[in-house]
file target_31.txt (compact mmCIF, C-alpha atoms)
# COMPACT_ATOMS: atom_id res chain seq x y z
CA MET E 1 0.00 0.00 0.00
CA LEU E 2 1.10 3.55 -0.76
CA ILE E 3 -0.02 6.29 1.64
CA GLN E 4 0.79 9.91 0.83
CA PHE E 5 0.29 13.05 2.88
CA LEU E 6 -0.09 16.50 1.36
CA THR E 7 1.16 18.80 4.10
CA LEU E 8 2.97 22.04 4.81
CA PHE E 9 4.86 20.36 7.64
CA PRO E 10 6.35 17.05 6.42
CA GLU E 11 8.78 17.02 9.35
CA MET E 12 5.85 16.28 11.69
CA PHE E 13 5.58 12.75 10.27
CA ALA E 14 9.18 11.69 10.93
CA GLY E 15 8.85 10.65 14.57
CA PRO E 16 5.59 8.65 14.64
CA PHE E 17 6.44 6.66 11.53
CA SER E 18 10.08 5.92 12.32
CA CYS E 19 9.55 3.45 15.16
CA SER E 20 7.61 0.39 16.29
CA MET E 21 5.44 -1.64 13.90
CA ILE E 22 5.02 1.20 11.37
CA LYS E 23 8.78 1.32 10.87
CA ARG E 24 8.94 -2.44 10.50
CA ALA E 25 6.06 -2.44 8.02
CA GLN E 26 7.97 0.01 5.84
CA GLU E 27 11.20 -1.97 6.09
CA ARG E 28 9.36 -5.12 5.00
CA GLY E 29 7.77 -3.38 2.04
CA LEU E 30 4.22 -3.74 3.37
CA VAL E 31 3.56 0.00 3.15
CA THR E 32 5.26 3.01 1.58
CA LEU E 33 4.74 6.40 3.24
CA GLU E 34 5.43 9.66 1.43
CA THR E 35 5.02 13.28 2.46
CA ILE E 36 4.55 15.95 -0.19
CA ASN E 37 4.91 19.61 0.69
CA PHE E 38 2.25 21.28 -1.41
CA ARG E 39 4.10 24.58 -1.00
CA ASP E 40 6.34 23.16 -3.73
CA TYR E 41 3.37 23.49 -6.08
CA ALA E 42 2.68 27.16 -5.35
CA GLU E 43 2.46 29.31 -8.46
CA ASP E 44 4.36 32.44 -7.39
CA ARG E 45 7.99 33.07 -6.45
CA HIS E 46 7.02 33.55 -2.80
CA ARG E 47 5.50 30.04 -2.74
CA THR E 48 2.22 31.40 -1.39
CA VAL E 49 -0.28 28.77 -0.23
CA ASP E 50 -2.84 30.87 1.66
CA ASP E 51 -4.74 34.13 1.37
CA THR E 52 -7.38 36.19 3.17
CA PRO E 53 -11.00 34.94 2.94
CA TYR E 54 -13.49 36.60 0.61
CA GLY E 55 -16.12 38.38 2.63
CA GLY E 56 -13.71 39.09 5.47
CA GLY E 57 -13.05 37.21 8.65
CA PRO E 58 -10.10 36.11 10.78
CA GLY E 59 -7.19 33.95 9.70
CA MET E 60 -5.87 32.76 6.38
CA ILE E 61 -7.41 30.22 3.98
CA LEU E 62 -5.50 27.62 1.98
CA LYS E 63 -5.57 28.38 -1.73
CA PRO E 64 -6.85 25.77 -4.17
CA GLU E 65 -4.14 26.00 -6.85
CA PRO E 66 -1.19 24.37 -4.98
CA ILE E 67 -3.30 21.50 -3.65
CA PHE E 68 -4.96 20.78 -7.01
CA LYS E 69 -1.57 20.77 -8.73
CA ALA E 70 -0.07 18.50 -6.06
CA VAL E 71 -2.93 16.00 -6.37
CA GLU E 72 -2.70 16.03 -10.16
CA ALA E 73 1.06 15.47 -10.01
CA GLN E 74 0.71 12.45 -7.70
CA THR E 75 -2.07 11.02 -9.87
CA ALA E 76 0.10 11.34 -12.98
CA LYS E 77 3.06 9.80 -11.17
CA ALA E 78 1.04 6.80 -9.96
CA GLY E 79 -0.79 6.32 -13.25
CA SER E 80 -4.12 6.17 -11.47
CA LYS E 81 -6.13 8.31 -9.08
CA PRO E 82 -5.47 7.72 -5.37
CA TYR E 83 -8.30 7.48 -2.89
CA ILE E 84 -8.28 11.00 -1.46
CA ILE E 85 -9.14 11.78 2.16
CA LEU E 86 -9.63 15.29 3.46
CA THR E 87 -9.00 15.61 7.19
CA THR E 88 -11.55 18.01 8.65
CA PRO E 89 -13.59 18.28 11.88
CA GLN E 90 -16.62 18.59 9.58
CA GLY E 91 -16.06 15.08 8.17
CA GLU E 92 -17.73 11.81 9.10
CA PRO E 93 -16.40 10.16 12.27
CA PHE E 94 -13.49 7.78 11.75
CA HIS E 95 -14.18 4.30 13.17
CA GLN E 96 -12.49 0.91 13.19
CA GLN E 97 -14.73 -0.17 10.32
CA THR E 98 -13.50 2.84 8.33
CA ALA E 99 -9.92 1.73 8.93
CA ALA E 100 -10.80 -1.77 7.73
CA GLU E 101 -12.35 -0.40 4.54
CA LEU E 102 -9.37 1.84 3.80
CA SER E 103 -6.88 -0.97 4.45
CA LYS E 104 -8.19 -2.76 1.35
CA LEU E 105 -7.25 0.11 -0.98
CA PRO E 106 -3.85 0.25 -2.74
CA HIS E 107 -3.22 4.01 -2.62
CA LEU E 108 -4.42 6.62 -0.10
CA LEU E 109 -3.69 10.32 -0.21
CA PHE E 110 -4.46 12.53 2.80
CA ILE E 111 -4.91 16.27 2.34
CA CYS E 112 -3.89 17.93 5.60
CA GLY E 113 -5.46 21.32 6.08
CA HIS E 114 -3.93 24.08 8.16
CA TYR E 115 -4.49 27.66 9.31
CA GLU E 116 -8.11 28.88 9.46
CA GLY E 117 -9.35 26.44 6.84
CA PHE E 118 -9.25 25.73 3.12
CA ASP E 119 -10.95 27.01 0.00
CA GLU E 120 -14.26 25.18 -0.37
CA ARG E 121 -13.35 24.06 -3.90
CA ILE E 122 -10.68 21.77 -2.45
CA ARG E 123 -13.50 19.54 -1.18
CA THR E 124 -14.22 18.51 -4.75
CA LEU E 125 -10.94 16.56 -4.79
CA ALA E 126 -11.87 14.34 -1.85
CA ASP E 127 -13.43 10.90 -2.04
CA ARG E 128 -14.11 11.11 1.67
CA GLU E 129 -13.95 13.70 4.47
CA LEU E 130 -12.99 12.22 7.84
CA SER E 131 -12.74 13.47 11.41
CA ILE E 132 -11.21 11.85 14.49
CA GLY E 133 -13.36 13.77 16.96
CA ASP E 134 -15.45 16.79 17.79
CA TYR E 135 -12.59 19.18 18.47
CA VAL E 136 -10.29 21.39 16.43
CA LEU E 137 -6.52 20.93 16.07
CA THR E 138 -3.94 23.24 14.55
CA GLY E 139 -3.88 21.16 11.38
CA GLY E 140 -4.83 17.92 9.72
CA GLU E 141 -1.46 16.25 10.18
CA LEU E 142 -2.17 14.58 13.52
CA PRO E 143 -5.56 13.17 12.40
CA ALA E 144 -3.94 11.85 9.22
CA MET E 145 -1.26 10.10 11.29
CA VAL E 146 -3.87 8.58 13.59
CA MET E 147 -5.93 7.27 10.69
CA ALA E 148 -2.88 5.96 8.83
CA ASP E 149 -1.70 4.11 11.95
CA ALA E 150 -5.11 2.46 12.35
CA VAL E 151 -5.09 1.43 8.68
CA ILE E 152 -1.51 0.16 8.53
CA ARG E 153 -1.83 -2.19 11.48
CA LEU E 154 -4.65 -3.97 9.60
CA LEU E 155 -2.50 -4.73 6.57
CA PRO E 156 -1.62 -8.42 6.20
CA GLY E 157 1.72 -9.20 7.82
CA VAL E 158 2.05 -6.01 9.90
CA LEU E 159 0.97 -7.57 13.20
CA GLY E 160 2.83 -10.63 14.46
CA ASP E 161 -0.44 -12.43 15.15
CA PRO E 162 -3.32 -11.71 12.73
CA GLN E 163 -5.82 -12.51 15.51
CA SER E 164 -4.61 -9.47 17.44
CA ALA E 165 -6.49 -7.12 15.12
CA GLU E 166 -9.59 -9.33 15.16
CA GLN E 167 -9.76 -9.11 18.96
CA ASP E 168 -9.18 -5.36 19.21
CA SER E 169 -11.81 -3.14 20.75
CA PHE E 170 -14.51 -2.22 18.16
CA SER E 171 -13.43 -4.93 15.67
CA ARG E 172 -16.29 -7.20 16.75
CA GLY E 173 -18.63 -4.45 17.88
CA LEU E 174 -17.49 -4.65 21.50
CA LEU E 175 -14.83 -3.15 23.71
CA ASP E 176 -12.02 -5.57 24.48
CA TYR E 177 -12.22 -7.88 27.49
CA PRO E 178 -9.83 -7.46 30.49
CA GLN E 179 -6.40 -9.03 30.01
CA TYR E 180 -3.73 -10.09 32.51
CA THR E 181 -0.17 -11.41 32.57
CA LYS E 182 2.31 -12.57 35.24
CA PRO E 183 2.43 -12.32 38.21
CA ALA E 184 -0.82 -14.04 39.17
CA GLU E 185 -1.12 -11.73 42.17
CA PHE E 186 0.14 -8.16 42.42
CA ARG E 187 -0.33 -5.88 45.43
CA GLY E 188 -3.36 -7.82 46.55
CA MET E 189 -4.94 -7.87 43.08
CA ALA E 190 -5.35 -11.40 41.72
CA VAL E 191 -5.84 -12.62 38.18
CA PRO E 192 -9.36 -14.13 37.80
CA ALA E 193 -9.19 -17.83 38.57
CA ILE E 194 -10.91 -18.78 35.32
CA LEU E 195 -7.89 -17.56 33.34
CA LEU E 196 -5.63 -19.93 35.28
CA SER E 197 -7.93 -22.92 34.86
CA GLY E 198 -6.72 -24.10 31.47
CA ASP E 199 -10.35 -24.61 30.37
CA HIS E 200 -10.33 -22.70 27.08
CA GLY E 201 -14.04 -23.12 26.49
CA LYS E 202 -14.93 -21.48 29.80
CA ILE E 203 -12.27 -18.82 29.23
CA GLU E 204 -13.87 -17.85 25.90
CA VAL E 205 -17.30 -17.57 27.55
CA TRP E 206 -15.82 -15.43 30.34
CA ARG E 207 -14.07 -13.16 27.85
CA ARG E 208 -17.24 -12.65 25.84
CA GLN E 209 -19.21 -11.87 28.98
CA GLN E 210 -16.60 -9.41 30.21
CA ALA E 211 -16.51 -7.69 26.82
CA LEU E 212 -20.29 -7.35 26.90
CA LEU E 213 -20.21 -6.04 30.45
CA ARG E 214 -17.50 -3.48 29.74
CA THR E 215 -19.25 -2.30 26.59
CA ALA E 216 -22.64 -2.03 28.31
CA ARG E 217 -21.17 0.10 31.09
CA ARG E 218 -18.87 2.31 29.06
CA ARG E 219 -20.30 2.45 25.54
CA PRO E 220 -23.86 1.07 25.64
CA GLU E 221 -24.69 2.54 22.22
CA LEU E 222 -22.32 0.02 20.62
CA LEU E 223 -24.72 -2.79 21.55
CA ALA E 224 -27.58 -1.28 19.56
CA ASP E 225 -26.80 -3.28 16.41
CA LEU E 226 -25.40 -6.37 18.12
CA GLU E 227 -27.37 -9.59 18.24
CA LEU E 228 -27.41 -10.83 21.83
CA SER E 229 -28.35 -14.35 22.80
CA PRO E 230 -30.93 -14.95 25.56
CA ALA E 231 -28.07 -16.10 27.82
CA GLU E 232 -26.17 -12.87 27.16
CA ARG E 233 -29.22 -10.74 27.90
CA GLU E 234 -29.75 -12.68 31.13
CA PHE E 235 -26.11 -12.14 32.05
CA LEU E 236 -26.43 -8.36 31.60
CA GLU E 237 -29.66 -8.29 33.58
CA LYS E 238 -27.90 -10.06 36.45
CA HIS E 239 -25.56 -7.08 36.55
CA GLN E 240 -28.55 -4.70 36.59
CA LEU E 241 -28.12 -3.73 32.93
CA THR E 242 -31.22 -4.19 30.78
CA LEU E 243 -31.74 -3.78 27.05
CA ASP E 244 -34.83 -1.86 25.96
CA PRO E 245 -36.06 -3.73 22.83
CA GLU E 246 -37.80 -0.61 21.49
CA LYS E 247 -35.06 1.99 22.04
CA LYS E 248 -32.17 -0.48 21.93
CA ASP E 249 -30.64 1.33 24.91
CA LEU E 250 -28.64 -0.22 27.67
CA PRO E 251 -29.02 2.30 30.49
CA MET E 252 -26.88 1.62 33.53
CA LYS E 253 -28.91 0.71 36.58
CA GLY E 254 -26.10 -0.09 38.91
CA GLY E 255 -23.27 -2.52 39.49
CA ASN E 256 -19.52 -2.11 39.36
call {"tool": "encode", "arguments": {"input": "target_31.txt", "output": "structure tokens"}}
result
Amino acid sequence: MLIQFLTLFPEMFAGPFSCSMIKRAQERGLVTLETINFRDYAEDRHRTVDDTPYGGGPGMILKPEPIFKAVEAQTAKAGSKPYIILTTPQGEPFHQQTAAELSKLPHLLFICGHYEGFDERIRTLADRELSIGDYVLTGGELPAMVMADAVIRLLPGVLGDPQSAEQDSFSRGLLDYPQYTKPAEFRGMAVPAILLSGDHGKIEVWRRQQALLRTARRRPELLADLELSPAEREFLEKHQLTLDPEKKDLPMKGGN
């Protein structure tokens, strides 16, 4: 997979992508990451990429010409159009399912906005507008890095164990279950006995129940589209969590 970032600050990408599994994925040829400074595509000798907004207002707005030229240059270089993502707080929320969808594409290009915003005509370049949350950052670089990280770890061969991604929070519609390692007891806190039993069938049931319980307490809305068995509903009710069949809510009624 090729992932490109159109940005005014390519140096921001050096640290996050030069260590851990992202570095190893690049070394193994599983992903190629490129940063393109769209200031290089500015049309005047001052390399101007922004200007004041028509109609007045604070801040500076990114001009369309450098970004259009940068996208066209990368399309010509690749021989085909990349899937273009515009990072913006006005975009649709980025979820694990979004990452899974993007991981199946051969070429992604992120347009990272900056300053007060960008000329509205730049939106016409994007196949998708994505946001990582309801807040505003100084630019689109950090969201692009977050999304790229989530995508890259889903590529075949990036994780040591392919099941790791399948068991991540959100991958199966639930938050992840609690996990433990050695020692079996630490400062008076013991690992649940079921995990030491060696009974893998019972362990799987326990993990599923704990994932349901954690999701119901922390993110009940995630259960709205999940099919629960009668036994699972009974389990939640035992913990004073009930599912309203009409509203599909799981309001907390108590428990720890």
call {"tool": "residues_around", "arguments": {"input": "target_31.txt", "residues": "Thr7 in chain E", "least_positions_apart": "5", "cutoff": "12 Å", "atoms": "all atoms listed in the file", "output": "PyMOL selection string"}}
result
chain E and resi 12-13+34-41+49+62+66-67+70-71+86-87+109-115+139-142+144-145
call {"tool": "residues_near_point", "arguments": {"input": "target_31.txt", "point": "(4.9, 1.5, -2.5)", "cutoff": "7 Å", "atoms": "only C-alpha atoms", "output": "PDB file with C-alpha atoms, in the coordinates of the input"}}
result
ATOM      1  CA  MET E   1       0.000   0.000   0.000  1.00  0.00           C
ATOM      2  CA  LEU E   2       1.100   3.550  -0.760  1.00  0.00           C
ATOM      3  CA  VAL E  31       3.560   0.000   3.150  1.00  0.00           C
ATOM      4  CA  THR E  32       5.260   3.010   1.580  1.00  0.00           C
TER       5      THR E  32
END
call {"tool": "residues_around", "arguments": {"input": "target_31.txt", "residues": "Asp127 in chain E", "least_positions_apart": "5", "cutoff": "7 Å", "atoms": "only C-alpha atoms", "output": "PyMOL selection string"}}
result
chain E and resi 83-85
call {"tool": "closest_residue", "arguments": {"input": "target_31.txt", "among": "E:Leu213, E:Arg219, E:Ile3, E:Leu33", "to": "Glu232 in chain E", "atoms": "all atoms listed in the file"}}
result
E:Leu213
call {"tool": "residues_around", "arguments": {"input": "target_31.txt", "residues": "Lys63 in chain E", "least_positions_apart": "4", "cutoff": "7 Å", "atoms": "only C-alpha atoms", "output": "VMD selection string"}}
result
chain E and resid 49 to 51 118 to 119
call {"tool": "axis_aligned_box", "arguments": {"input": "target_31.txt", "around": "range 33-45 of chain E", "padding_each_side": "4 Å", "output": "AutoDock Vina command-line options"}}
result
--center_x 5.1 --center_y 19.7 --center_z -2.6 --size_x 13.7 --size_y 34.7 --size_z 19.7
call {"tool": "closest_residue", "arguments": {"input": "target_31.txt", "among": "E:Leu137, E:Phe235, E:Gln179, E:Ala76", "to": "Pro192 in chain E", "atoms": "all atoms listed in the file"}}
result
E:Gln179
call {"tool": "atom_distance", "arguments": {"input": "target_31.txt", "atom1": "CA of Gln97 in chain E", "atom2": "CA of Leu130 in chain E"}}
result
12.8 Å
call {"tool": "atom_distance", "arguments": {"input": "target_31.txt", "atom1": "CA of Pro82 in chain E", "atom2": "CA of Arg153 in chain E"}}
result
19.9 Å
call {"tool": "atom_distance", "arguments": {"input": "target_31.txt", "atom1": "CA of Tyr135 in chain E", "atom2": "CA of Pro89 in chain E"}}
result
6.7 Å
